[in-house]
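Colleague: mmCIF, C-alpha atoms and all ligand atoms, file work10.cif:
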data_target
#
loop_
_atom_site.label_atom_id
_atom_site.label_comp_id
_atom_site.auth_asym_id
_atom_site.auth_seq_id
_atom_site.Cartn_x
_atom_site.Cartn_y
_atom_site.Cartn_z
CA MET C 1 0.00 0.00 0.00
CA GLY C 2 1.00 3.67 0.10
CA ALA C 3 4.23 5.27 1.12
CA LYS C 4 3.66 5.56 4.83
CA LEU C 5 2.26 2.25 6.01
CA SER C 6 4.71 -0.54 5.18
CA PRO C 7 3.55 -4.15 4.82
CA GLU C 8 5.09 -4.82 8.23
CA ILE C 9 3.05 -2.04 9.83
CA LEU C 10 -0.10 -3.29 8.12
CA THR C 11 0.51 -6.80 9.43
CA THR C 12 0.75 -5.41 12.95
CA LEU C 13 -2.39 -3.34 12.45
CA GLU C 14 -4.20 -6.40 11.14
CA ARG C 15 -3.84 -7.93 14.60
CA LEU C 16 -5.24 -4.96 16.50
CA ALA C 17 -8.38 -6.00 18.36
CA ILE C 18 -10.28 -3.77 20.77
CA GLU C 19 -13.01 -5.13 23.01
CA VAL C 20 -16.08 -2.97 23.38
CA PRO C 21 -18.03 -2.70 26.64
CA SER C 22 -21.68 -3.75 26.68
CA TRP C 23 -22.49 -0.76 28.91
CA ALA C 24 -21.47 1.71 26.21
CA TYR C 25 -24.66 0.84 24.32
CA GLY C 26 -27.00 1.42 27.24
CA ASN C 27 -28.16 4.77 28.48
CA SER C 28 -25.70 6.63 30.67
CA GLY C 29 -25.21 10.04 32.13
CA THR C 30 -24.01 11.82 35.19
CA ARG C 31 -25.42 12.02 38.70
CA PHE C 32 -27.48 14.91 37.34
CA LYS C 33 -29.27 13.23 34.45
CA VAL C 34 -29.36 10.07 32.40
CA TYR C 35 -30.87 10.73 28.98
CA GLY C 36 -32.89 8.08 27.22
CA THR C 37 -32.12 7.60 23.54
CA PRO C 38 -34.37 6.07 20.86
CA GLY C 39 -33.17 2.59 19.91
CA THR C 40 -31.23 1.94 23.14
CA PRO C 41 -30.90 -1.81 23.80
CA ARG C 42 -33.21 -3.33 26.37
CA ASP C 43 -31.21 -6.45 27.12
CA PRO C 44 -27.73 -7.96 26.63
CA PHE C 45 -28.78 -9.54 23.31
CA GLU C 46 -29.55 -6.13 21.84
CA LYS C 47 -26.33 -4.67 23.28
CA VAL C 48 -24.33 -7.44 21.59
CA ALA C 49 -26.17 -6.77 18.32
CA ASP C 50 -25.13 -3.10 18.44
CA ALA C 51 -21.57 -4.01 19.32
CA ALA C 52 -21.46 -6.36 16.33
CA GLN C 53 -22.14 -3.37 14.08
CA VAL C 54 -18.93 -1.76 15.29
CA ASN C 55 -16.96 -4.84 14.32
CA ARG C 56 -18.78 -5.30 11.01
CA LEU C 57 -17.86 -1.80 9.90
CA THR C 58 -14.32 -1.54 11.31
CA GLY C 59 -12.99 -5.09 11.65
CA LEU C 60 -11.50 -3.86 14.92
CA ALA C 61 -13.87 -4.97 17.65
CA PRO C 62 -14.25 -8.74 17.70
CA ALA C 63 -15.31 -9.08 21.35
CA VAL C 64 -17.87 -7.59 23.72
CA ALA C 65 -17.12 -7.24 27.45
CA LEU C 66 -19.97 -8.01 29.83
CA HIS C 67 -20.79 -6.65 33.27
CA ILE C 68 -22.36 -8.92 35.87
CA PRO C 69 -25.13 -8.49 37.02
CA TRP C 70 -26.02 -5.81 34.42
CA ASP C 71 -25.76 -8.42 31.68
CA LYS C 72 -27.21 -11.33 33.60
CA VAL C 73 -29.05 -13.80 31.35
CA GLU C 74 -30.58 -17.17 32.02
CA ASP C 75 -28.31 -19.08 29.71
CA TYR C 76 -24.93 -17.64 28.79
CA ALA C 77 -24.38 -20.30 26.15
CA VAL C 78 -27.36 -18.83 24.29
CA LEU C 79 -25.88 -15.33 24.52
CA ARG C 80 -22.57 -16.71 23.32
CA ARG C 81 -24.21 -18.33 20.27
CA HIS C 82 -26.06 -15.10 19.55
CA ALA C 83 -22.74 -13.22 19.61
CA GLU C 84 -21.01 -15.78 17.42
CA ASP C 85 -23.85 -15.69 14.91
CA LEU C 86 -23.19 -11.96 14.64
CA GLY C 87 -19.46 -12.48 14.19
CA VAL C 88 -18.23 -11.50 17.64
CA GLN C 89 -17.12 -13.20 20.86
CA LEU C 90 -17.98 -12.52 24.46
CA GLY C 91 -14.95 -10.98 26.14
CA THR C 92 -13.91 -9.76 29.57
CA ILE C 93 -16.30 -10.34 32.45
CA ASN C 94 -16.51 -7.34 34.78
CA SER C 95 -17.58 -7.99 38.34
CA ASN C 96 -19.70 -5.55 40.32
CA THR C 97 -19.40 -5.09 44.06
CA PHE C 98 -20.47 -1.49 44.18
CA GLN C 99 -24.24 -1.46 44.03
CA ASP C 100 -25.44 -3.44 47.03
CA ASP C 101 -26.16 -1.88 50.42
CA ASP C 102 -23.98 -4.58 51.98
CA TYR C 103 -20.96 -3.03 50.30
CA LYS C 104 -21.28 0.42 51.84
CA PHE C 105 -18.02 -0.05 53.77
CA GLY C 106 -16.29 -2.41 51.40
CA ALA C 107 -16.61 -5.78 49.69
CA LEU C 108 -13.38 -7.75 49.28
CA THR C 109 -11.85 -5.64 52.06
CA HIS C 110 -14.84 -5.61 54.40
CA GLU C 111 -14.25 -6.37 58.10
CA ASP C 112 -17.33 -8.58 58.22
CA PRO C 113 -16.53 -12.07 56.90
CA VAL C 114 -20.15 -12.47 55.80
CA VAL C 115 -19.93 -9.51 53.43
CA ARG C 116 -16.51 -10.60 52.24
CA ARG C 117 -17.88 -14.09 51.55
CA LYS C 118 -20.70 -12.62 49.50
CA ALA C 119 -18.25 -10.54 47.44
CA ILE C 120 -15.89 -13.48 46.87
CA ASP C 121 -18.80 -15.70 45.85
CA HIS C 122 -19.90 -13.08 43.35
CA HIS C 123 -16.49 -13.33 41.70
CA LEU C 124 -16.63 -17.13 41.69
CA GLU C 125 -20.01 -16.82 39.99
CA CYS C 126 -18.36 -14.52 37.42
CA ILE C 127 -15.82 -17.29 36.75
CA ASP C 128 -18.75 -19.67 36.15
CA VAL C 129 -20.08 -17.17 33.63
CA MET C 130 -16.64 -17.07 31.99
CA ASN C 131 -16.73 -20.85 31.65
CA SER C 132 -19.96 -20.56 29.65
CA THR C 133 -19.03 -17.51 27.61
CA GLY C 134 -15.48 -18.66 26.83
CA SER C 135 -14.09 -15.43 28.29
CA GLN C 136 -10.44 -15.21 29.25
CA ASP C 137 -10.38 -12.27 31.67
CA LEU C 138 -12.11 -11.49 34.94
CA LYS C 139 -11.80 -7.75 35.52
CA ILE C 140 -12.02 -6.52 39.08
CA TRP C 141 -12.55 -2.86 39.83
CA LEU C 142 -13.32 -2.11 43.47
CA ALA C 143 -15.22 0.91 44.72
CA GLU C 144 -13.65 0.49 48.16
CA GLY C 145 -12.00 2.98 50.45
CA SER C 146 -12.82 5.61 53.05
CA ASN C 147 -13.74 9.26 53.21
CA TYR C 148 -12.15 10.43 56.44
CA PRO C 149 -8.75 9.94 58.02
CA GLY C 150 -9.12 7.47 60.85
CA GLN C 151 -12.32 6.02 59.42
CA ALA C 152 -10.74 2.76 58.30
CA ASP C 153 -7.74 0.58 59.04
CA MET C 154 -6.02 0.82 55.67
CA ARG C 155 -3.48 -1.88 56.54
CA GLY C 156 -6.11 -4.40 57.65
CA ARG C 157 -8.11 -3.76 54.50
CA GLN C 158 -5.07 -4.39 52.31
CA ASP C 159 -4.47 -7.72 54.06
CA ARG C 160 -8.10 -8.78 53.67
CA LEU C 161 -7.99 -7.77 50.02
CA ALA C 162 -4.99 -10.07 49.50
CA ASP C 163 -6.84 -12.97 51.14
CA SER C 164 -10.02 -12.40 49.13
CA LEU C 165 -8.14 -12.11 45.85
CA ALA C 166 -6.25 -15.32 46.61
CA GLU C 167 -9.53 -17.17 46.97
CA ILE C 168 -10.84 -15.78 43.69
CA TYR C 169 -7.54 -16.53 41.96
CA ALA C 170 -7.75 -20.15 43.08
CA GLY C 171 -11.05 -20.44 41.20
CA LEU C 172 -9.55 -19.47 37.82
CA GLY C 173 -9.18 -22.07 35.09
CA ASP C 174 -5.82 -22.69 33.42
CA ASP C 175 -6.52 -20.32 30.55
CA GLN C 176 -8.25 -17.67 32.61
CA ARG C 177 -6.78 -14.52 34.11
CA LEU C 178 -7.67 -11.97 36.72
CA VAL C 179 -6.98 -8.31 35.98
CA LEU C 180 -7.06 -5.84 38.85
CA GLU C 181 -7.97 -2.28 37.92
CA TYR C 182 -6.79 0.71 39.94
CA LYS C 183 -8.36 4.13 40.32
CA PHE C 184 -6.98 6.97 42.39
CA PHE C 185 -10.25 8.23 43.85
CA GLU C 186 -14.02 7.96 43.63
CA PRO C 187 -16.38 6.90 45.05
CA SER C 188 -14.13 7.22 48.10
CA PHE C 189 -12.29 10.47 48.49
CA TYR C 190 -9.74 10.06 51.28
CA HIS C 191 -8.29 6.65 50.54
CA THR C 192 -9.00 4.01 47.92
CA ASP C 193 -7.93 0.39 48.47
CA VAL C 194 -6.48 -0.03 44.96
CA PRO C 195 -5.54 3.54 44.06
CA ASP C 196 -2.51 3.10 41.83
CA TRP C 197 -0.54 0.73 39.62
CA GLY C 198 1.90 -0.02 42.43
CA THR C 199 -0.83 -1.37 44.70
CA SER C 200 -2.40 -3.33 41.90
CA TYR C 201 1.01 -4.69 40.96
CA ALA C 202 1.83 -5.68 44.55
CA GLN C 203 -1.49 -7.51 44.88
CA VAL C 204 -1.35 -9.35 41.55
CA ALA C 205 2.34 -10.22 41.88
CA ALA C 206 1.51 -12.00 45.13
CA LEU C 207 -1.17 -14.06 43.37
CA GLY C 208 0.75 -15.54 40.47
CA GLU C 209 1.20 -15.38 36.74
CA LYS C 210 -2.50 -15.47 35.87
CA ALA C 211 -3.04 -12.15 37.66
CA MET C 212 -2.25 -8.90 35.90
CA VAL C 213 -2.84 -5.17 36.19
CA CYS C 214 -5.61 -3.37 34.27
CA LEU C 215 -4.77 0.20 33.33
CA ASP C 216 -7.78 2.47 32.80
CA THR C 217 -6.48 5.61 31.11
CA GLY C 218 -9.01 7.78 32.96
CA HIS C 219 -7.95 6.66 36.43
CA HIS C 220 -4.95 8.89 37.08
CA ALA C 221 -4.35 12.30 38.57
CA PRO C 222 -4.05 15.09 35.98
CA GLY C 223 -0.55 15.32 34.58
CA THR C 224 0.36 11.69 35.30
CA ASN C 225 2.81 10.24 32.78
CA ILE C 226 0.66 7.24 31.86
CA GLU C 227 3.05 5.96 29.19
CA PHE C 228 5.72 5.58 31.87
CA ILE C 229 3.37 3.26 33.77
CA VAL C 230 2.70 1.35 30.54
CA MET C 231 6.44 0.94 30.04
CA GLN C 232 7.03 -0.21 33.61
CA LEU C 233 4.18 -2.74 33.67
CA LEU C 234 5.23 -4.20 30.33
CA ARG C 235 8.79 -4.39 31.60
CA LEU C 236 7.55 -6.29 34.65
CA GLY C 237 5.36 -8.57 32.52
CA LYS C 238 2.22 -7.47 34.35
CA LEU C 239 0.25 -5.28 31.95
CA GLY C 240 -2.86 -7.41 31.39
CA SER C 241 -5.35 -5.00 29.92
CA PHE C 242 -6.30 -1.48 29.03
CA ASP C 243 -9.56 0.29 29.63
CA PHE C 244 -9.34 3.05 27.05
CA ASN C 245 -11.20 6.32 27.40
CA SER C 246 -10.29 9.95 27.77
CA ARG C 247 -10.85 12.59 30.33
CA PHE C 248 -10.59 16.30 30.85
CA TYR C 249 -11.17 16.37 34.61
CA ALA C 250 -11.73 13.05 36.40
CA ASP C 251 -13.13 9.70 35.28
CA ASP C 252 -15.00 11.32 32.37
CA ASP C 253 -15.23 8.13 30.25
CA LEU C 254 -15.13 10.16 27.02
CA ILE C 255 -14.12 8.82 23.62
CA VAL C 256 -10.51 7.61 23.69
CA GLY C 257 -8.22 9.98 21.84
CA ALA C 258 -10.80 12.76 21.85
CA ALA C 259 -9.37 14.86 24.66
CA ASP C 260 -5.70 14.21 23.96
CA PRO C 261 -4.76 12.20 20.86
CA TYR C 262 -1.09 12.90 21.53
CA GLN C 263 -1.34 11.08 24.87
CA LEU C 264 -2.90 8.10 23.13
CA PHE C 265 -0.05 8.18 20.61
CA ARG C 266 2.52 8.23 23.41
CA ILE C 267 0.81 5.31 25.13
CA MET C 268 0.69 3.25 21.93
CA ALA C 269 4.34 4.09 21.25
CA GLU C 270 5.28 2.59 24.62
CA VAL C 271 3.00 -0.41 24.01
CA HIS C 272 4.85 -1.04 20.75
CA ARG C 273 8.26 -0.48 22.35
CA GLY C 274 7.41 -3.03 25.05
CA GLY C 275 6.23 -5.72 22.63
CA GLY C 276 2.54 -5.19 23.36
CA LEU C 277 1.56 -5.31 19.69
CA GLU C 278 3.26 -8.62 18.99
CA GLU C 279 1.30 -11.73 18.11
CA ASP C 280 1.65 -13.13 21.64
CA THR C 281 0.72 -9.88 23.37
CA PRO C 282 -0.48 -10.32 26.94
CA ILE C 283 -2.61 -7.19 26.61
CA THR C 284 -6.36 -7.17 26.15
CA PHE C 285 -7.25 -3.79 24.65
CA MET C 286 -10.66 -2.63 25.75
CA LEU C 287 -12.80 0.48 25.77
CA ASP C 288 -14.43 1.58 29.02
CA GLN C 289 -16.63 4.44 27.92
CA CYS C 290 -20.09 5.88 28.03
CA HIS C 291 -21.82 7.98 25.43
CA ASN C 292 -24.10 10.35 27.28
CA VAL C 293 -24.99 12.83 24.55
CA GLU C 294 -23.64 11.39 21.29
CA ASN C 295 -24.86 8.44 19.22
CA LYS C 296 -23.55 5.38 21.04
CA ILE C 297 -22.68 3.13 18.10
CA LEU C 298 -20.96 5.97 16.24
CA GLY C 299 -19.16 6.85 19.47
CA GLN C 300 -17.78 3.33 19.64
CA ILE C 301 -16.81 3.32 15.97
CA ARG C 302 -14.99 6.65 16.42
CA SER C 303 -13.18 5.21 19.47
CA VAL C 304 -11.77 2.09 17.83
CA LEU C 305 -10.74 4.13 14.79
CA ASN C 306 -8.92 6.58 17.05
CA VAL C 307 -6.98 3.72 18.63
CA GLN C 308 -6.14 2.32 15.20
CA GLU C 309 -5.01 5.70 13.91
CA MET C 310 -2.73 6.49 16.83
CA THR C 311 -1.34 2.95 16.75
CA ALA C 312 -0.50 3.39 13.07
CA ARG C 313 1.26 6.67 13.84
CA ALA C 314 3.16 5.08 16.73
CA LEU C 315 4.33 2.33 14.38
CA LEU C 316 5.77 5.03 12.11
CA ILE C 317 8.37 6.11 14.66
CA ASP C 318 11.76 5.55 13.08
CA ARG C 319 13.16 3.47 15.92
CA VAL C 320 16.67 3.15 14.44
CA ALA C 321 17.05 6.88 13.95
CA LEU C 322 15.48 7.53 17.35
CA THR C 323 17.92 5.26 19.15
CA GLU C 324 20.80 6.86 17.28
CA ALA C 325 19.70 10.34 18.32
CA GLN C 326 19.13 9.19 21.91
CA LEU C 327 22.58 7.62 22.13
CA ALA C 328 24.16 10.71 20.61
CA GLY C 329 22.49 12.85 23.22
CA ASP C 330 20.75 14.77 20.44
CA VAL C 331 17.74 15.86 22.43
CA LEU C 332 15.97 17.85 19.76
CA LYS C 333 16.63 15.37 16.94
CA ALA C 334 15.14 12.60 19.08
CA ASN C 335 12.10 14.72 19.85
CA GLU C 336 11.75 15.66 16.17
CA ILE C 337 11.75 12.01 15.10
CA PHE C 338 9.09 11.21 17.68
CA MET C 339 6.94 14.20 16.68
CA ASN C 340 7.31 13.51 12.95
CA ALA C 341 5.52 10.22 13.46
CA PHE C 342 2.80 11.86 15.54
CA TYR C 343 2.17 14.56 12.92
CA THR C 344 1.86 12.06 10.04
CA ASP C 345 -1.71 11.94 8.81
CA VAL C 346 -2.52 8.30 8.03
CA ARG C 347 -6.27 8.61 7.59
CA GLU C 348 -6.30 8.33 3.81
CA GLU C 349 -4.01 5.31 3.78
CA LEU C 350 -6.02 3.57 6.47
CA ALA C 351 -9.19 4.23 4.47
CA GLN C 352 -7.64 2.66 1.37
CA TRP C 353 -6.40 -0.28 3.40
CA ARG C 354 -9.86 -0.83 4.88
CA ALA C 355 -11.40 -0.79 1.41
CA SER C 356 -8.82 -3.32 0.22
CA ARG C 357 -9.99 -5.65 3.01
CA GLY C 358 -13.64 -5.38 2.07
CA LEU C 359 -14.45 -2.92 4.85
CA PRO C 360 -16.01 0.50 4.33
CA ALA C 361 -13.34 3.13 3.70
CA ASP C 362 -15.24 5.42 6.06
CA PRO C 363 -17.01 3.37 8.75
CA MET C 364 -18.64 6.45 10.31
CA GLU C 365 -20.30 7.41 7.00
CA ALA C 366 -21.16 3.77 6.30
CA PHE C 367 -23.07 3.57 9.59
CA ARG C 368 -24.83 6.89 8.94
CA ALA C 369 -25.82 5.66 5.47
CA SER C 370 -27.12 2.32 6.75
CA ASP C 371 -30.62 1.87 8.09
CA TYR C 372 -29.42 0.18 11.31
CA GLN C 373 -30.16 3.15 13.56
CA SER C 374 -33.65 3.78 12.16
CA THR C 375 -34.43 0.07 12.33
CA ILE C 376 -33.54 -0.25 16.02
CA GLU C 377 -35.43 2.95 16.77
CA ASN C 378 -38.53 1.42 15.22
CA GLU C 379 -38.10 -2.09 16.51
CA ARG C 380 -37.09 -1.38 20.07
CA ALA C 381 -40.36 0.06 21.19
CA GLY C 382 -41.60 -0.79 24.66
CA GLY C 383 -39.67 -2.52 27.40
CA VAL C 384 -37.10 -0.88 29.65
CA GLN C 385 -33.97 0.58 28.14
CA ALA C 386 -30.71 -0.66 29.60
CA SER C 387 -28.67 1.75 31.62
CA TRP C 388 -26.31 1.77 34.60
CA GLY C 389 -27.49 -0.81 37.04
CA ALA C 390 -29.76 -2.61 34.57
C1 LIG R 1 -15.67 2.88 37.36
O1 LIG R 1 -14.68 3.84 37.38
C2 LIG R 1 -15.54 2.05 36.12
O2 LIG R 1 -15.52 2.93 35.03
C3 LIG R 1 -14.31 1.18 36.15
O3 LIG R 1 -13.37 1.75 35.31
C4 LIG R 1 -14.76 -0.16 35.63
O4 LIG R 1 -13.91 -0.68 34.68
C5 LIG R 1 -16.09 0.19 35.04
O5 LIG R 1 -16.57 1.21 35.87
C6 LIG R 1 -17.05 -0.89 35.03
O6 LIG R 1 -17.22 -1.47 36.32
MN MN R 2 -12.40 0.95 33.76
#
As structure tokens - that is how I would like this structure written.
Ligand code: PSV
Ligand code: MN
Modeller:
Amino acid sequence: MGAKLSPEILTTLERLAIEVPSWAYGNSGTRFKVYGTPGTPRDPFEKVADAAQVNRLTGLAPAVALHIPWDKVEDYAVLRRHAEDLGVQLGTINSNTFQDDDYKFGALTHEDPVVRRKAIDHHLECIDVMNSTGSQDLKIWLAEGSNYPGQADMRGRQDRLADSLAEIYAGLGDDQRLVLEYKFFEPSFYHTDVPDWGTSYAQVAALGEKAMVCLDTGHHAPGTNIEFIVMQLLRLGKLGSFDFNSRFYADDDLIVGAADPYQLFRIMAEVHRGGGLEEDTPITFMLDQCHNVENKILGQIRSVLNVQEMTARALLIDRVALTEAQLAGDVLKANEIFMNAFYTDVREELAQWRASRGLPADPMEAFRASDYQSTIENERAGGVQASWGA
């Protein structure tokens, strides 16, 4: 193909797969308002159908992540067949220990063994779901922490967390993994039990090789050098998955690459440098986003295309010249080489490449031109639209 994207780069791009989250297709909002949208799915089957559109038009999203209990169904094998009929797989299973009254003061860290038991059992149930769906990853994000200094015994909670995770880990099958996601604040504001990559790393390292860290790009303090964390976790062999999204202020869950495409480029450059785009990559790339005011399916299409575009640009970094400049101490040459790749517009070449693979050159326009949206708006009348907690 064209001058910029070599066959080698295209082969790497061919492998890029980004899981989409089922919750992106449901209604979402802020604590102020959740807007309903015509055509919003009413159950996991309809969410999977929408997700399949993203893959059909981009070739980039072959799996859908589920959230339990939001995506609870009677028979997961039926949901799996439904997904496969539509050309996608069921992906990461996300647990949920943040919506029951019992969990007000913690779940896996709770002082009360009865509450802890309930939370551990929920995760074991998630592993059962994984056995039916064929999912590889169990993703654990915990809403646990405290609001006031002195409120909680942080040390005791960390120890109980280790014990709870060990029990969950023991339930994993040979080909299954646990990924532990960190977040620096919210819903707790003073301390969070898994606030940073170091804590997540310490916990998963103690479990064993099937436990890895999940890095959600929106879960860091402003100004954090996220690509450094990516480098370090890859170096340690513990970067298990990404939750991609972007943020201006906190955990905004906006379209990845929308707020800061350069940051996404820097992250993908480090992923590439650390071998994370190789065939045997340990990384599951996933979106963790909501689309509060924009069309949800188009929002997901835009997201996976943004990841593809910044990955292509990252692959354009002239690594030989960069190393040479670095070793020569040529600060500005090195920076220039890095920036040259970032400033290279690859949209036209990616469009041509898509067309050559039987995909629409412009997936956004292809979706707008299709009758999918009007069909779901007509067909999905009645029932209760899915949203947070449904
Ligand atoms: C909450 O911050 C969150 O966005 C986490 O990132 C999880 O991955 C997601 O919700 C689903 O539980
Ligand atoms: Mn997340």
Colleague: CA of Gln232 in chain C and CA of Val304 in chain C are how many Å apart?
Modeller: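 Distance reported for this atom pair: 24.7 Å.
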Colleague: Counting only C-alpha atoms, figure out which residue out of C:Met231, C:Leu5, C:Ala386, C:Ala250 gets nearest to Thr37 in chain C.
Modeller: C:Ala386
Colleague: I'd like the neighbourhood of Tyr372 in chain C as a list in words, where a residue qualifies if any of its atoms comes within 12 Å (using all atoms listed in the file), though same-chain residues fewer than 3 positions away should be ignored.
Modeller: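 Answer for this query is Gly39, Ala49, Asp50, Ala51, Ala52, Gln53, Val54, Arg56, Leu57, Ile297, Leu298, Ala366, Phe367, Arg368, Ala369, Thr375, Ile376, Glu377, Asn378, Glu379 and Arg380 of chain C.
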Colleague: Show me, as a ChimeraX atom specification, the residues that have an atom within 8 Å of Leu165 in chain C when counting only C-alpha atoms, minus same-chain residues fewer than 6 positions from it.
Modeller: /C:108,120,207
Colleague: Using only C-alpha atoms and all ligand atoms, what are the residues with an atom within 8 Å of ligand LIG 1 (chain R), set out as a list in words?
Modeller: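 Sorted by chain and then by number, the residues are His67, Asn94, Ser95, Asn96, Lys139, Ile140, Trp141, Ala143, Glu181, Lys183, Glu186, Asp216, Gly218, His219, Asp243, Asp251, Asp253, Asp288 and Gln289 of chain C.
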Colleague: Looking at C:Asp318, C:Glu46, C:Asp121, C:Glu279, which one is nearest to Tyr25 in chain C, with distances taken over all atoms listed in the file?
Modeller: C:Glu46
Colleague: Kindly indicate which residue among C:Glu209, C:Glu227, C:Glu125, C:Glu111 lies nearest to Ile168 in chain C, using only C-alpha atoms for the distances.
Modeller: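 Of C:Glu209, C:Glu227, C:Glu125, C:Glu111, the one nearest Ile168 in chain C is C:Glu125, counting only C-alpha atoms.
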Colleague: Considering all atoms listed in the file, state which residue in the set C:Ile267, C:Val230, C:Leu322, C:Val179 is at the smallest distance from ligand MN 2 (chain R).
Modeller: C:Val179
Colleague: For Thr97 in chain C, which residue among C:Thr192, C:Gln385, C:Thr109, C:Gln158 is the nearest when counting all atoms listed in the file?
Modeller: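 Checking each candidate against Thr97 in chain C, we get C:Thr109 as the closest.
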Colleague: What does the distance between CA of Glu349 in chain C and CA of Asp371 in chain C come to in Å, to one decimal place?
Modeller: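 Result for CA of Glu349 in chain C versus CA of Asp371 in chain C: 27.2 Å, one decimal.
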